[in-house]
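Student: Here you go, one structure.
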There are 4 protein chains.
Amino acid sequence: MNTLLDSVAAVMPDVQSSPDTRRIAIQRVGVRGVRHPLLVAAGMGQPQATIAEWEMTVALPAESKGTHMSRFIALLESYRSVPMTPQRLCEMAQAMLDRLQADSGDLTVDFPYFIEKPAPVSEVRSLMDYQVGWRVRAQRGQAARFTLQVQVPVTSLCPCSKAISEYGAHNQRSHVTVRLDFEAVPSLDLELLVHRIEAQASSELWGLLKRADEKYVTEHAYENPKFVEDLVRDVAVMLQRQPGVAAYEVAAENFESIHNHSAYAMVRSA
Amino acid sequence: MNTLLDSVAAVMPDVQSSPDTRRIAIQRVGVRGVRHPLLVAAGMGQPQATIAEWEMTVALPAESKGTHMSRFIALLESYRSVPMTPQRLCEMAQAMLDRLQADSGDLTVDFPYFIEKPAPVSEVRSLMDYQVGWRVRAQRGQAARFTLQVQVPVTSLCPCSKAISEYGAHNQRSHVTVRLDFEAVPSLDLELLVHRIEAQASSELWGLLKRADEKYVTEHAYENPKFVEDLVRDVAVMLQRQPGVAAYEVAAENFESIHNHSAYAMVRSA
Amino acid sequence: MNTLLDSVAAVMPDVQSSPDTRRIAIQRVGVRGVRHPLLVAAGMGQPQATIAEWEMTVALPAESKGTHMSRFIALLESYRSVPMTPQRLCEMAQAMLDRLQADSGDLTVDFPYFIEKPAPVSEVRSLMDYQVGWRVRAQRGQAARFTLQVQVPVTSLCPCSKAISEYGAHNQRSHVTVRLDFEAVPSLDLELLVHRIEAQASSELWGLLKRADEKYVTEHAYENPKFVEDLVRDVAVMLQRQPGVAAYEVAAENFESIHNHSAYAMVRSA
Amino acid sequence: MNTLLDSVAAVMPDVQSSPDTRRIAIQRVGVRGVRHPLLVAAGMGQPQATIAEWEMTVALPAESKGTHMSRFIALLESYRSVPMTPQRLCEMAQAMLDRLQADSGDLTVDFPYFIEKPAPVSEVRSLMDYQVGWRVRAQRGQAARFTLQVQVPVTSLCPCSKAISEYGAHNQRSHVTVRLDFEAVPSLDLELLVHRIEAQASSELWGLLKRADEKYVTEHAYENPKFVEDLVRDVAVMLQRQPGVAAYEVAAENFESIHNHSAYAMVRSA
C-alpha cells in the first residue's frame with residue numbers, strides 16, 4: 001500500500017521543493033503549539049509523565065521554497081515513549097537536522113514538573129508544580145547547546161514595608177525565572193536546582209501546609225524580607241557557583257499585594 | 001454603485017436564508033471576541049474612553065438555516081461614537097432584535113475601567129484599573145434585563161496566619177468579582193459600588209503609594225484580617241442593602257502567597 | 001512527633017472553627033488552580049497519564065466561620081496514584097463531604113486527553129489533543145451527578161463563501177465544546193464521543209498528515225461546508241441519540257479566517 | 001501637610017537607599033503589568049484613545065540596594081493626558097533616567113490600535129484592531145533607540161493544499177509580527193506600514209464584509225496562496241525597502257485549519 005501511496009504522491013506537485021528567487025534565508029521555520037505527552041527524566045528519581053508543548057524549527061536556505069512540516073511531527077511521534085533527558089533532546093535535535101536536511105535547528109519543550117516536598121514542620125508530603133523549559137540549538141558539525149529554563153513560584157516579603165510598619169509586612173507570590181546556558185549537555189539535577197532557588201526567597205511554597213507549618217512559613221518569611229532586587233541578586237550569587245554554566249539570566253516578578261501591578265527585576269551574566 | 005452591488009448580491013445565493021429541517025432552535029448565535037473602542041459613561045464623571053470586547057448573539061428559530069453575521073458588526077459600528085450607558089446598551093439590544101429579526105438576544109461587553117484615587121496618607125492621586133462587564137438580555141415585548149459584573153482587586157490578609165504566628169501574617173492579592181442583576185435599568189454609580197466592595201477587604205489597592213502610605217496600608221491590612229469566606233460574606237451583606245438588585249453573586253479568589261494555588265469562595269443570593 | 005505536633009496545634013487558636021454571625025451560607029468554598037498529575041481512564045484503552053487542574057469546593061453553613069483548606073489538598077494527595085474514572089471521581093466527592101463535614105460539594109478537573117488517530121489516506125498514526133473536563137456535584141444522601149465537558153477542535157468551511165465564489169471557500173479552525181449531564185455515572189467511552197463530534201464538522205483534524213492526506217482533507221472539507229449553526233445543530237442531533245444523557249449543551253466557535261473575531265453558536269437541550 | 005509628611009517620611013528608614021555588598025549590578029528593575037489609558041498619535045490622523053500595558057525599568061548599580069518603585073508610577077501619571085508619539089516616549093525615557101538617577105532604562109508600552117478600512121467591494125467602513133508595541137532604550141548621554149512591534153492578523157492560504165486538491169484549499173487566520181529597530185526616532189506612519197504588511201498576505205482581514213466582499217476575499221485568497229515561509233519572505237523584502245530601519249524581524253504564525261498546532265517562520269535582518 002505504501003508503494004501505491006508513494007506513486008500517488010510522486011505525481012502530486014511538491015510545491016515546497018520548488019526553488020525560491022527572493023534570496024532570503026529563513027532563520028527558523030517549523031511547528032509550534034504542539035501539545036504532546038512527555039516522559040521526562042529531569043531529576044534523580046523515576047522518569048515523570050507530563051504534558052509538553054513543543055516548538056520545532058530549522059533554518060531554511062535562501063534557495064529553498066519551503067520546509068516539510070509533517071516531518072517535524074513524524075520525528076516527535078518517533079520519540080513518543082522515550083524517556084527524555086537533556087542528552088536525548090540533543091540527539092533528537094541532530095536527528096531533526098538529518099530529517100529536514102537542515103544545517104541548524106532549534107527544539108523547545110515546555111512542561112510542568114512536579115516535586116514532592118515535606119512540609120517544614122509536620123513533614124506531611126505534597127506535590128509542588130514548576131514550569132520547566134528545555135531548549136536545544138543544533139548546528140551541523142558542532143555540539144548541540146542546551147539551555148534550561150525553570151519558573152519557581154515563591155513568597156516575597158517587602159523589607160521596606162516591614163521596616164516602616166509597627167506590625168505586619170506586605171508579602172505576595174512571586175515568580176523567579178532562571179535560564180541557564182550550559183557549556184556541555186548537563187547531567188541535570190533539576191530538583192536540587194529548584195531547591196537552591198527556593199532557598200533564596202523569603203519563603204518557598206508548598207501544596208499542603210498544616211497549621212504548625214503555616215505558623216513556621218509566616219514567621220520564616222517575616223524573618224527573611226527580600227526586595228525583588230534581593231531575590232535576583234541572591235539567586236545570581238548562587239548560580240555563579242554552579243559548575244558548567246556558560247551564561248545565566250534570572251528574573252523575578254512580584255505580584256504585589258498592595259498594587260494591581262508587578263515589581264520586576266532581571267540580572268544576566270556579563 | 002450600491003444599486004449595482006445590490007443587484008450583484010441579489011443574484012448570489014443567500015444560503016443563510018434557506019430553510020432548515022433539523023428542528024433545532026439555536027439559543028444563541030452571533031459574533032464574539034470583537035475588540036472595539038468604547039466611550040463609557042459608568043460613573044458620575046465624564047465618559048471614559050476604553051477598549052471593549054463584545055459578544056453579540058440572538059436566538060435563531062428552528063426553521064432558519066443561518067443568521068446574518070455582518071449585521072452584528074454593522075450595528076456595533078453604528079454605535080461607535082455614542083457614549084454608552086446601561087440604558088443605551090438596552091436600546092442597542094432592542095435595535096439588534098430588529099436588525100436580526102430575532103425574538104431574543106444578548107449583548108455582552110467587557111472593558112477595563114479606571115478610577116482615580118488619592119493615596120490614604122499622602123493623598124497623591126493615581127489610577128486603578130478594574131475589569132467591568134455589562135450584559136443585556138433582550139426579549140421582544142419585554143423590558144431588557146441588565147446585569148453588571150465587576151472584578152475588584154484587593155489585599156486579603158489571613159486571620160489564621162496572624163493568630164498563630166508570633167509576628168507577620170501571609171497576605172496576597174485577591175480578586176473579588178461581583179455580579180448584579182438589576183430589576184430595572186440602573187442609573188449606575190460604578191465608582192461608588194467599587195468603593196463599597198473595596199471597603200470589605202483587608203485593604204484596597206492603589207497604583208501609587210509613597211512610604212507613609214505603604215506604612216498605613218501594611219498596618220491597616222494587618223488590623224483587618226479576612227478569610228476568603230469573610231470577603232464574600234462581607235460583600236454580600238453590603239450588596240443586600242443595594243436598592244434595585246434582583247439577584248447577586250459574589251466570588252473571591254485569593255492568589256495565596258504560601259501556596260501555588262488559590263483559595264476561592266462564592267455566595268449567590270437565594 | 002505527631003503527638004507533639006498535635007498538642008502544639010491544640011493550643012493554637014483554630015480561627016476557622018469559631019462561629020459566624022453574619023447569617024450568610026456560602027454555596028462554594030475551597031481551592032482552585034491546583035495543578036496535579038492525573039492518571040485517567042476515560043476511553044476503552046489503558047489509563048493515560050496527564051496533568052490536571054482541579055477546583056474542589058464545599059458548601060459552608062451560615063454558622064461556620066471557615067472551611068479547612070488543607071483538607072482538600074490532603075484528599076487530592078490521597079488519590080494521587082489512583083486511575084481516575086467518572087465512578088471514582090464521584091466516590092472522591094463523597095469522601096470530600098466526609099472530610100470537610102459538608103452537606104454538598106463540587107469537584108472539577110480539567111485535563112488534556114490524547115487520542116491516537118490514523119491519517120485518512122496514508123493511515124500514518126499520530127496523537128490529537130482534546131481538552132476534557134469532568135465535574136461532580138455531590139450532596140449528602142443523594143447520588144452524585146456527573147457532567148462531562150470536552151472541547152473538540154475541527155475545521156469549518158463556510159457554505160456561503162463556497163456558494164458565492166467562483167473557486168475556494170474560507171475555512172478555519174473551530175472549537176466545538178460539548179457538555180453532557182448524565183442521569184447516572186456513565187461507563188464513558190470518551191474516544192467514541194469525540195469521534196462522533198468530529199464526524200459532524202467539515203473535517204476533523206490530525207497531528208500528522210502526508211500530502212495524500214492533505215489532499216483528502218482539503219477536498220473533504222470543501223464537500224462538507226458547515227455554518228457555525230450547522231455545527232451545533234448536527235452535534236445536537238447526534239447527542240439526542242446518546243443514552244443516559246439528562247441534558248446537553250453544545251457550542252461552536254469559528255476563529256474566522258476572514259475576520260479578526262469569531263462566529264459563535266450555542267444550543268442547549270430544552 | 002506635605003511638610004509634615006516629609007518629616008514623618010524623613011524618620012522612616014529608607015531601606016532601598018542602603019548600600020549593597022553582593023557586587024551584582026541589575027540590568028533591569030522596575031514595574032510591569034501596569035494598565036493605563038493612553039492617547040496615542042501613531043498614524044497621520046487624530047490621536048487615538050486606547051488602553052496600554054506598561055513595563056518601566058532602569059539599571060541599578062551594584063552598590064545600590066533598591067530602586068524607588070513609586071517614581072515609575074509617578075512618572076507615568078505625569079504623562080497621563082499627553083498624546084504619545086515615538087518622540088515623546090523617548091523624552092519620557094530620558095525623564096525616567098533623571099527621576100530614578102539611573103544610567104540606562106527601558107520603556108515598553110503595548111496597546112491595541114484601530115484602523116478604519118473600507119471593505120474591498122462594498123466599501124462599507126469598519127474598524128480592524130492591531131496589537132502594537134513601542135519600546136525605547138535610553139542611555140545617559142546617548143540618543144534613545146526606538147523599536148516598533150506590530151501584530152497584523154491576516155489570511156494565509158496553503159499553496160500545497162491548492163496544488164494537490166481538485167478543489168478548495170485550506171486557509172486560516174495568521175499573525176504576522178514585525179519588529180523594526182529605527183536608526184533615529186521615526187515620524188511613523190503606522191497605518192501605511194500595516195497596509196504594506198497586509199498586502200503580502202493571501203488576504204487582509206476586515207471587521208465587516210458584505211456578501212460581495214466575502215466573494216472577493218475568498219477568490220483573492222485563492223489566487224494568492226502563501227506558505228508561512230512566503231509570508232515572512234515577502235514582508236522581509238518589503239521591509240528592506242523602508243528608510244531608516246536599522247534592523248528588522250518578521251515572524252508569522254499560521255493557526256492551521258487542518259491541525260491543532262501552528263506553522264511558524266521567522267526572518268531577521270543579518
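Lettering and numbering for the C-alpha cells are positional, with chains as A, B, ... in the shown order, residues counted from 1 in each chain, and ligands counted from 1 in the shown order.
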Give one line per residue of chain B that approaches chain A to at most 9 Å, naming the two atoms of the closest pair and their distance in Å to one decimal, counting only C-alpha atoms; sort by chain then ascending residue number and deliver it as JSON lines.

Tutor:
```
{"residue": "B:Met128", "atom": "CA", "partner": "A:Asn260", "partner_atom": "CA", "distance": 7.5}
{"residue": "B:Asp129", "atom": "CA", "partner": "A:Asn260", "partner_atom": "CA", "distance": 7.8}
{"residue": "B:Pro153", "atom": "CA", "partner": "A:Asn260", "partner_atom": "CA", "distance": 6.8}
{"residue": "B:Val154", "atom": "CA", "partner": "A:Ile258", "partner_atom": "CA", "distance": 7.6}
{"residue": "B:Thr155", "atom": "CA", "partner": "A:Ser257", "partner_atom": "CA", "distance": 5.7}
{"residue": "B:Ser156", "atom": "CA", "partner": "A:Ser257", "partner_atom": "CA", "distance": 8.2}
{"residue": "B:Leu157", "atom": "CA", "partner": "A:His170", "partner_atom": "CA", "distance": 9.0}
{"residue": "B:Cys160", "atom": "CA", "partner": "A:Arg211", "partner_atom": "CA", "distance": 8.3}
{"residue": "B:Ser161", "atom": "CA", "partner": "A:Lys215", "partner_atom": "CA", "distance": 6.2}
{"residue": "B:Lys162", "atom": "CA", "partner": "A:Thr218", "partner_atom": "CA", "distance": 8.3}
{"residue": "B:Ala163", "atom": "CA", "partner": "A:Lys215", "partner_atom": "CA", "distance": 8.9}
{"residue": "B:Ile164", "atom": "CA", "partner": "A:Lys215", "partner_atom": "CA", "distance": 5.8}
{"residue": "B:Ser165", "atom": "CA", "partner": "A:Lys215", "partner_atom": "CA", "distance": 5.0}
{"residue": "B:Glu166", "atom": "CA", "partner": "A:Glu219", "partner_atom": "CA", "distance": 6.9}
{"residue": "B:Tyr167", "atom": "CA", "partner": "A:Glu219", "partner_atom": "CA", "distance": 6.2}
{"residue": "B:Gly168", "atom": "CA", "partner": "A:Gly168", "partner_atom": "CA", "distance": 4.6}
{"residue": "B:Ala169", "atom": "CA", "partner": "A:Thr218", "partner_atom": "CA", "distance": 5.7}
{"residue": "B:His170", "atom": "CA", "partner": "A:Thr218", "partner_atom": "CA", "distance": 5.9}
{"residue": "B:Asn171", "atom": "CA", "partner": "A:Asn171", "partner_atom": "CA", "distance": 5.8}
{"residue": "B:Gln172", "atom": "CA", "partner": "A:Ser257", "partner_atom": "CA", "distance": 4.7}
{"residue": "B:Arg173", "atom": "CA", "partner": "A:Ser257", "partner_atom": "CA", "distance": 4.4}
{"residue": "B:Ser174", "atom": "CA", "partner": "A:Ser257", "partner_atom": "CA", "distance": 8.0}
{"residue": "B:Ser203", "atom": "CA", "partner": "A:Ile258", "partner_atom": "CA", "distance": 7.9}
{"residue": "B:Glu204", "atom": "CA", "partner": "A:Ile258", "partner_atom": "CA", "distance": 7.5}
{"residue": "B:Leu205", "atom": "CA", "partner": "A:His259", "partner_atom": "CA", "distance": 5.1}
{"residue": "B:Trp206", "atom": "CA", "partner": "A:His259", "partner_atom": "CA", "distance": 5.4}
{"residue": "B:Gly207", "atom": "CA", "partner": "A:His259", "partner_atom": "CA", "distance": 5.7}
{"residue": "B:Leu208", "atom": "CA", "partner": "A:His259", "partner_atom": "CA", "distance": 7.8}
{"residue": "B:Leu209", "atom": "CA", "partner": "A:His259", "partner_atom": "CA", "distance": 8.6}
{"residue": "B:Arg211", "atom": "CA", "partner": "A:Ile164", "partner_atom": "CA", "distance": 7.8}
{"residue": "B:Ala212", "atom": "CA", "partner": "A:Ile164", "partner_atom": "CA", "distance": 8.3}
{"residue": "B:Glu214", "atom": "CA", "partner": "A:Ser161", "partner_atom": "CA", "distance": 6.4}
{"residue": "B:Lys215", "atom": "CA", "partner": "A:Ser165", "partner_atom": "CA", "distance": 5.0}
{"residue": "B:Tyr216", "atom": "CA", "partner": "A:Ser165", "partner_atom": "CA", "distance": 7.6}
{"residue": "B:Val217", "atom": "CA", "partner": "A:Ile258", "partner_atom": "CA", "distance": 7.5}
{"residue": "B:Thr218", "atom": "CA", "partner": "A:Ala169", "partner_atom": "CA", "distance": 5.7}
{"residue": "B:Glu219", "atom": "CA", "partner": "A:Tyr167", "partner_atom": "CA", "distance": 6.1}
{"residue": "B:Ala221", "atom": "CA", "partner": "A:Gly168", "partner_atom": "CA", "distance": 8.2}
{"residue": "B:Tyr222", "atom": "CA", "partner": "A:Gly168", "partner_atom": "CA", "distance": 5.8}
{"residue": "B:Phe255", "atom": "CA", "partner": "A:Arg173", "partner_atom": "CA", "distance": 7.4}
{"residue": "B:Glu256", "atom": "CA", "partner": "A:Arg173", "partner_atom": "CA", "distance": 6.9}
{"residue": "B:Ser257", "atom": "CA", "partner": "A:Arg173", "partner_atom": "CA", "distance": 4.4}
{"residue": "B:Ile258", "atom": "CA", "partner": "A:Leu205", "partner_atom": "CA", "distance": 5.2}
{"residue": "B:His259", "atom": "CA", "partner": "A:Leu205", "partner_atom": "CA", "distance": 5.1}
{"residue": "B:Asn260", "atom": "CA", "partner": "A:Leu205", "partner_atom": "CA", "distance": 6.7}
{"residue": "B:His261", "atom": "CA", "partner": "A:Gly207", "partner_atom": "CA", "distance": 7.7}
```

Student: Got a sec: who's within 8 Å of Lys117 of chain C, counting only C-alpha atoms, leaving out chain neighbours fewer than 2 positions off, as a list in words?

Tutor: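 That gives Ile115, Ala119, Arg125, Ser126, Leu127, Met128 and Trp206 of chain C.
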
Student: I'd like the contact shell of Arg137 of chain D - 7 Å cut-off, only C-alpha atoms, skipping same-chain residues fewer than 4 positions apart - returned as a PyMOL selection string.

Tutor: chain D and resi 105-107+144-146

Student: Output the selection as a PDB file, in the first residue's frame - N, CA, C and O atoms for each residue.

Tutor:
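Saved as again.pdb:
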```pdb
ATOM      1  N   GLY D 105      17.816  52.789  30.868  1.00  0.00           N
ATOM      2  CA  GLY D 105      16.462  52.354  31.207  1.00  0.00           C
ATOM      3  C   GLY D 105      15.685  51.977  29.963  1.00  0.00           C
ATOM      4  O   GLY D 105      16.078  52.300  28.840  1.00  0.00           O
ATOM      5  N   ASP D 106      14.561  51.286  30.186  1.00  0.00           N
ATOM      6  CA  ASP D 106      13.731  50.781  29.094  1.00  0.00           C
ATOM      7  C   ASP D 106      12.266  51.093  29.366  1.00  0.00           C
ATOM      8  O   ASP D 106      11.777  50.845  30.470  1.00  0.00           O
ATOM      9  N   LEU D 107      11.588  51.564  28.348  1.00  0.00           N
ATOM     10  CA  LEU D 107      10.139  51.727  28.410  1.00  0.00           C
ATOM     11  C   LEU D 107       9.513  50.815  27.364  1.00  0.00           C
ATOM     12  O   LEU D 107       9.942  50.803  26.203  1.00  0.00           O
ATOM     13  N   ALA D 144      18.217  58.070  22.391  1.00  0.00           N
ATOM     14  CA  ALA D 144      17.392  56.899  22.692  1.00  0.00           C
ATOM     15  C   ALA D 144      17.160  56.089  21.423  1.00  0.00           C
ATOM     16  O   ALA D 144      17.130  56.638  20.325  1.00  0.00           O
ATOM     17  N   ARG D 145      17.013  54.776  21.606  1.00  0.00           N
ATOM     18  CA  ARG D 145      16.748  53.900  20.460  1.00  0.00           C
ATOM     19  C   ARG D 145      15.301  53.428  20.521  1.00  0.00           C
ATOM     20  O   ARG D 145      14.836  52.905  21.532  1.00  0.00           O
ATOM     21  N   PHE D 146      14.606  53.589  19.395  1.00  0.00           N
ATOM     22  CA  PHE D 146      13.184  53.287  19.334  1.00  0.00           C
ATOM     23  C   PHE D 146      12.931  52.020  18.513  1.00  0.00           C
ATOM     24  O   PHE D 146      13.485  51.854  17.421  1.00  0.00           O
TER      25      PHE D 146
END
```

Student: Please provide the set of residues having any atom within 7 Å of segment 227-240 of chain C, restricted to only C-alpha atoms, with same-chain residues fewer than 6 positions apart removed, written as a ChimeraX atom specification.

Tutor: /B:24,66 /C:158-159,197,200-201,250-252,254,263-267

Student: Return as a list in words the full set of residues in segment 18-134 of chain B whose backbone-based DSSP assignment is helix (DSSP H, G or I).

Tutor: Met69, Ser70, Arg71, Phe72, Ile73, Ala74, Leu75, Leu76, Glu77, Ser78, Pro86, Gln87, Arg88, Leu89, Cys90, Glu91, Met92, Ala93, Gln94, Ala95, Met96, Leu97, Asp98, Arg99 and Leu100 of chain B

Student: Assign secondary structure with DSSP using the backbone only, and return the residues of segment 80-236 of chain D in strand (DSSP E) as an NGL selection string.

Tutor: :D and (104-118 or 125-139 or 145-157 or 171-182 or 203-204)

Student: Please compute the atom CA of Gln94 of chain A-atom CA of Leu39 of chain A distance, one decimal, in Å.

Tutor: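 Atom CA of Gln94 of chain A sits 19.7 Å away from atom CA of Leu39 of chain A.
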
Student: Which neighbours of segment 78-87 of chain B fall inside 12 Å, counting only C-alpha atoms, when residues of the same chain fewer than 4 positions from it are skipped, and could you give them as an MDAnalysis selection string?

Tutor: (chainID B and resid 35:44 46:52 71:74 91:96 107:109 111 133:137 143:148 182 184:190) or (chainID D and resid 116 124:127 208)
